[in-house]
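To start, the structure under review is shown below, and the notes come after it.
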Amino acid sequence: MAEWSGTGRAYAESFARLCAGAVPPLLDAVESVRGAPAGGRLLDVGTGPGTVAGAASARGYAVVGVDPEGSMLAVARRRHPDVHFSAAALPDLPFEDGWFDVVTASFVLGHVADLQAAVAALARVCTGDGVVALTSWPSGRSPLRPLWEDVLARGGAVGYPPDSGPPGGGAERSAEGLADLLADAGLGRIRTGTLTWTFEIDPDDLWRGVAGGVATIGGIHRSLDDEGRRALRAAYDEVAGTRADSDGMLRVPHSAIIAVGTRR
């Protein structure tokens with residue numbers, strides 16, 4: 001998890017707000033599949049700054065959130081003091097079999113090397129009639145990538161690197177792939193779908209993620225010297241100014257895949 005080391009605050013103020021767009025429909029889907037209102041024990045794996053965990057707690061769940069990165073947990077604890085957070089990473093979840101009524105992993109599988117082991121671990125800690133819910137980015141170019149490519153071209157930095165693919169091989173980047181992973185873990189009543197929303201953010205807030213080393217563009221920023229970073233910021237301000245709406249906000253449509261399954 002070295003790529004995320006120390007990025008908790010920067011991520012929470014920037015790219016976490018992108019992922020937050022999937023949270024309400026994720027929890028709605030859980031409750032639809034359960035056929036019951038919110039409640040019970042919920043585990044949020046790869047919780048980051050606790051966005052899913054906090055939203056689930058507000059709906060009435062007793063929530064535990066886990067993440068391997070200390071800076072993420074620090075932000076999560078500060079933002080959601082009523083939720084219990086601890087350090088853990090897939091597939092090594094330190095919980096008894098069948099302990100949670102709901103297990104969520106939102107935009108997590110793209111960061112694990114063994115997808116089957118990861119989803120099996122999610123299923124293991126879920127109760128016999130519980131629900132496992134996953135979200136993932138679809139295959140293809142990120143809707144934000146044209147922005148970053150334009151910034152790099154104008155800033156004279158290195159070009160945007162080619163996609164290397166997720167460590168697990170990309171099986172989670174389609175509805176069929178997610179469904180197969182859930183089925184292989186012994187889950188049934190599997191439902192998949194596509195979530196759509198518009199990511200809205202002030203350009204200065206998005207830049208905090210870049211300056212904090214988050215995502216591919218943040219890694220590029222880290223690799224530059226001071227002069228290169230200043231040039232990149234100037235290029236970003238120029239590009240963001242041309243792409244922002246009349247109120248100064250950036251708005252970029254996004255979509256994600258969701259898959260939900262039950263132990264029965």
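A note on labels: chains of the structure tokens are A, B, ... as shown, every chain counts residues from 1, and ligands are counted from 1 in their shown order.
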Set out as a Markdown table a contact list for segment 22-44 of chain A and segment 93-111 of chain A with a cut-off of 7 Å, giving each residue of segment 22-44 of chain A that qualifies its closest atom pair and distance in Å to one decimal, counting only C-alpha atoms, ordered by chain and rising residue number.
| residue | atom | partner | partner_atom | distance |
| --- | --- | --- | --- | --- |
| A:Gly40 | CA | A:Asp101 | CA | 5.9 |
| A:Arg41 | CA | A:Phe100 | CA | 5.0 |
| A:Leu42 | CA | A:Val102 | CA | 4.6 |
| A:Leu43 | CA | A:Val103 | CA | 4.8 |
| A:Asp44 | CA | A:Thr104 | CA | 4.8 |
Which residues are close to segment 222-227 of chain A, i.e. within 8 Å by only C-alpha atoms, leaving aside same-chain residues fewer than 3 positions away? Reply as a PyMOL selection string. chain A and resi 211+213+218-219+230-231
Nearest residue to Ser5 of chain A out of A:Ile190, A:Gly54, A:Thr47, A:Ser71, using only C-alpha atoms?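 For Ser5 of chain A, the nearest of the given residues is A:Ser71.
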Determine, counting only C-alpha atoms, which protein, DNA and RNA residues have an atom within 9 Å of an atom of Val132 of chain A; residues of the same chain fewer than 2 positions away are not included. Present the result as a list in words.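 Within the cut-off, the hits are Val30, Asp101, Val102, Val103, Thr104, Ala105, Val119, Leu122, Ala123, Cys126, Gly130, Leu134, Leu182, Leu187, Ala259, Val260, Gly261, Thr262 and Arg263 of chain A.
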Include N, CA and C atoms and write out the residues we just selected as a short mmCIF file (atom, residue, chain, number, x, y, z; two decimals), in the first residue's frame.
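Wrote it out as out.cif, contents follow:
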data_model
loop_
_atom_site.label_atom_id
_atom_site.label_comp_id
_atom_site.auth_asym_id
_atom_site.auth_seq_id
_atom_site.Cartn_x
_atom_site.Cartn_y
_atom_site.Cartn_z
N VAL A 30 -28.27 -2.73 -1.24
CA VAL A 30 -28.17 -3.68 -0.12
C VAL A 30 -29.53 -3.89 0.52
N ASP A 101 -23.87 -8.86 9.03
CA ASP A 101 -25.07 -8.99 8.21
C ASP A 101 -24.87 -8.44 6.80
N VAL A 102 -24.02 -7.44 6.68
CA VAL A 102 -23.71 -6.81 5.39
C VAL A 102 -22.21 -6.58 5.33
N VAL A 103 -21.62 -6.85 4.17
CA VAL A 103 -20.21 -6.57 3.93
C VAL A 103 -20.11 -5.78 2.64
N THR A 104 -19.49 -4.61 2.70
CA THR A 104 -19.32 -3.76 1.52
C THR A 104 -17.84 -3.60 1.19
N ALA A 105 -17.56 -3.51 -0.10
CA ALA A 105 -16.20 -3.23 -0.58
C ALA A 105 -16.36 -2.35 -1.81
N VAL A 119 -12.70 -11.88 -2.49
CA VAL A 119 -14.16 -12.01 -2.40
C VAL A 119 -14.54 -13.17 -1.49
N LEU A 122 -14.59 -11.78 1.93
CA LEU A 122 -15.80 -10.99 2.17
C LEU A 122 -16.97 -11.90 2.49
N ALA A 123 -17.11 -12.97 1.72
CA ALA A 123 -18.21 -13.92 1.93
C ALA A 123 -18.07 -14.65 3.26
N CYS A 126 -19.53 -12.92 6.30
CA CYS A 126 -20.94 -12.56 6.15
C CYS A 126 -21.83 -13.64 6.74
N GLY A 130 -26.77 -13.08 4.96
CA GLY A 130 -26.27 -11.72 4.77
C GLY A 130 -26.02 -11.36 3.32
N LEU A 134 -20.51 -4.98 -3.81
CA LEU A 134 -19.27 -4.51 -4.41
C LEU A 134 -19.55 -3.41 -5.42
N LEU A 182 -18.61 -13.27 -7.24
CA LEU A 182 -19.56 -13.53 -6.15
C LEU A 182 -20.04 -14.99 -6.19
N LEU A 187 -21.95 -17.20 -3.29
CA LEU A 187 -23.09 -16.32 -3.12
C LEU A 187 -24.13 -16.54 -4.22
N ALA A 259 -22.45 -4.91 -7.89
CA ALA A 259 -22.88 -6.30 -7.81
C ALA A 259 -23.19 -6.61 -6.35
N VAL A 260 -24.32 -7.26 -6.14
CA VAL A 260 -24.77 -7.60 -4.78
C VAL A 260 -25.21 -9.06 -4.79
N GLY A 261 -24.80 -9.79 -3.76
CA GLY A 261 -25.20 -11.19 -3.64
C GLY A 261 -25.45 -11.57 -2.19
N THR A 262 -26.14 -12.67 -1.99
CA THR A 262 -26.46 -13.14 -0.64
C THR A 262 -25.89 -14.53 -0.42
N ARG A 263 -25.78 -14.89 0.84
CA ARG A 263 -25.27 -16.22 1.19
C ARG A 263 -26.31 -17.30 0.93
#
With a distance cut-off of 8 Å and only C-alpha atoms, select the neighbouring residues of segment 6-19 of chain A, excluding the residue or stretch itself and same-chain residues fewer than 4 positions from it, and output the selection as a list in words.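 The residues that qualify are Val23, Gly48, Pro49, Thr51, Glu69, Gly70, Ser71, Met72, Leu73, Ala74, Val75, Phe107, Phe199, Glu200, Ile201, Asp205, Leu206, Trp207, Arg208, Gly209, Ala211, Gly212, Gly213 and Val214 of chain A.
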Rank A:Ala235, A:Ala118, A:Val131, A:Val33 by their smallest atom-to-atom distance to Trp148 of chain A, using only C-alpha atoms, and report the top residue only.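 For Trp148 of chain A, the nearest of the candidates is A:Ala235.
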Selected residue of minimal separation from Asp202 of chain A among A:Ala183, A:Leu250, A:Ala175, A:Ile257, counting only C-alpha atoms: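 Closest residue, counting only C-alpha atoms: A:Leu250.
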Output as CSV one row per residue of segment 106-213 of chain A within 9 Å of segment 251-255 of chain A: the closest atom pair and its distance in Å to one decimal place, counting only C-alpha atoms, sorted by chain and residue number ascending.
residue,atom,partner,partner_atom,distance
A:Trp137,CA,A:Ser255,CA,7.3
A:Pro138,CA,A:Ser255,CA,7.6
A:Ser142,CA,A:His254,CA,8.2
A:Pro143,CA,A:His254,CA,6.5
A:Leu144,CA,A:Val252,CA,7.2
A:Thr194,CA,A:Ser255,CA,6.7
A:Leu195,CA,A:Ser255,CA,5.4
A:Thr196,CA,A:Ser255,CA,4.3
A:Trp197,CA,A:His254,CA,5.6
A:Thr198,CA,A:Pro253,CA,4.2
A:Phe199,CA,A:Val252,CA,5.1
A:Glu200,CA,A:Arg251,CA,4.5
A:Ile201,CA,A:Arg251,CA,6.7
A:Asp202,CA,A:Arg251,CA,8.9
Since we have the selection now, will you write its residues out, keeping N, CA and C atoms, as a JSON list (two decimals), in the first residue's frame?
[["chain", "number", "residue", "atom", "x", "y", "z"],
["A", 137, "TRP", "N", -14.90, 0.33, -10.81],
["A", 137, "TRP", "CA", -14.87, 1.13, -12.04],
["A", 137, "TRP", "C", -14.92, 0.20, -13.24],
["A", 138, "PRO", "N", -15.64, 0.59, -14.29],
["A", 138, "PRO", "CA", -15.69, -0.25, -15.49],
["A", 138, "PRO", "C", -14.38, -0.17, -16.26],
["A", 142, "SER", "N", -10.82, 6.46, -17.78],
["A", 142, "SER", "CA", -11.49, 7.26, -16.78],
["A", 142, "SER", "C", -12.01, 8.55, -17.40],
["A", 143, "PRO", "N", -13.20, 9.01, -17.04],
["A", 143, "PRO", "CA", -13.70, 10.28, -17.56],
["A", 143, "PRO", "C", -12.82, 11.48, -17.19],
["A", 144, "LEU", "N", -12.00, 11.33, -16.15],
["A", 144, "LEU", "CA", -11.09, 12.41, -15.79],
["A", 144, "LEU", "C", -9.79, 12.41, -16.59],
["A", 194, "THR", "N", -25.52, -0.76, -13.25],
["A", 194, "THR", "CA", -24.63, 0.37, -13.49],
["A", 194, "THR", "C", -25.14, 1.57, -12.72],
["A", 195, "LEU", "N", -24.25, 2.22, -12.01],
["A", 195, "LEU", "CA", -24.57, 3.44, -11.29],
["A", 195, "LEU", "C", -24.03, 4.63, -12.09],
["A", 196, "THR", "N", -24.78, 5.70, -12.14],
["A", 196, "THR", "CA", -24.32, 6.90, -12.84],
["A", 196, "THR", "C", -24.55, 8.12, -11.94],
["A", 197, "TRP", "N", -23.61, 9.04, -11.98],
["A", 197, "TRP", "CA", -23.72, 10.29, -11.24],
["A", 197, "TRP", "C", -22.74, 11.29, -11.83],
["A", 198, "THR", "N", -22.83, 12.53, -11.40],
["A", 198, "THR", "CA", -21.92, 13.57, -11.86],
["A", 198, "THR", "C", -21.02, 13.99, -10.71],
["A", 199, "PHE", "N", -19.73, 13.85, -10.93],
["A", 199, "PHE", "CA", -18.73, 14.27, -9.95],
["A", 199, "PHE", "C", -18.60, 15.78, -10.02],
["A", 200, "GLU", "N", -18.88, 16.45, -8.92],
["A", 200, "GLU", "CA", -18.84, 17.91, -8.85],
["A", 200, "GLU", "C", -17.83, 18.33, -7.80],
["A", 201, "ILE", "N", -16.89, 19.19, -8.20],
["A", 201, "ILE", "CA", -15.85, 19.58, -7.25],
["A", 201, "ILE", "C", -15.24, 20.93, -7.66],
["A", 202, "ASP", "N", -14.84, 21.69, -6.68],
["A", 202, "ASP", "CA", -14.09, 22.92, -6.93],
["A", 202, "ASP", "C", -12.69, 22.53, -7.43]]
Name the residues of segment 228-263 of chain A that come out as strand (DSSP E) in a backbone DSSP run; write them as a PyMOL selection string. chain A and resi 250-262
Would you list the contacts of Ala89 of chain A as a PyMOL selection string, taking every protein, DNA or RNA residue within 8 Å and counting only C-alpha atoms, but skipping same-chain residues closer than 5 positions in sequence? chain A and resi 45-46+66-68
With N, CA, C and O atoms retained, export the selected residues as a PDB file, in the first residue's frame.
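After the write, again-v1.pdb holds the following:
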ATOM      1  N   VAL A  45     -15.048  -2.714   3.980  1.00  0.00           N
ATOM      2  CA  VAL A  45     -13.652  -3.098   3.739  1.00  0.00           C
ATOM      3  C   VAL A  45     -13.016  -2.114   2.761  1.00  0.00           C
ATOM      4  O   VAL A  45     -13.608  -1.761   1.743  1.00  0.00           O
ATOM      5  N   GLY A  46     -11.782  -1.687   3.065  1.00  0.00           N
ATOM      6  CA  GLY A  46     -11.146  -0.654   2.261  1.00  0.00           C
ATOM      7  C   GLY A  46     -11.865   0.666   2.450  1.00  0.00           C
ATOM      8  O   GLY A  46     -12.148   1.388   1.500  1.00  0.00           O
ATOM      9  N   VAL A  66     -12.557  -1.066   7.955  1.00  0.00           N
ATOM     10  CA  VAL A  66     -11.153  -1.457   7.993  1.00  0.00           C
ATOM     11  C   VAL A  66     -10.426  -0.931   6.762  1.00  0.00           C
ATOM     12  O   VAL A  66     -11.003  -0.823   5.675  1.00  0.00           O
ATOM     13  N   ASP A  67      -9.155  -0.614   6.964  1.00  0.00           N
ATOM     14  CA  ASP A  67      -8.292  -0.144   5.886  1.00  0.00           C
ATOM     15  C   ASP A  67      -6.849  -0.365   6.326  1.00  0.00           C
ATOM     16  O   ASP A  67      -6.547  -0.258   7.520  1.00  0.00           O
ATOM     17  N   PRO A  68      -5.947  -0.658   5.389  1.00  0.00           N
ATOM     18  CA  PRO A  68      -4.556  -0.885   5.788  1.00  0.00           C
ATOM     19  C   PRO A  68      -3.740   0.392   5.970  1.00  0.00           C
ATOM     20  O   PRO A  68      -2.637   0.340   6.516  1.00  0.00           O
TER      21      PRO A  68
END
Between A:Asp129, A:His221, A:Glu149, A:Ala171, which one has atoms that come closest to Arg34 of chain A, using only C-alpha atoms?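 With only C-alpha atoms as the atom set, the closest residue is A:Asp129.
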Report, in Å to a single decimal, how far apart atom CA of Arg243 of chain A and atom CA of Ile217 of chain A are. 17.5 Å
Apply DSSP to the structure's backbone, then extract all residues of segment 136-245 of chain A labelled alpha helix (DSSP H) and return them as a PyMOL selection string. chain A and resi 145-155+175-184+203-211+215-223+226-243
Would you compute the distance between atom CA of Ala53 of chain A and atom CA of Ala29 of chain A? Give it in Å to one decimal.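 So the answer is 15.3 Å.
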For atom CA of Gly159 of chain A and atom CA of Pro203 of chain A, determine how far apart the two atoms are, in Å to one decimal place.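 Computed distance, atom CA of Gly159 of chain A to atom CA of Pro203 of chain A, equals 21.1 Å.
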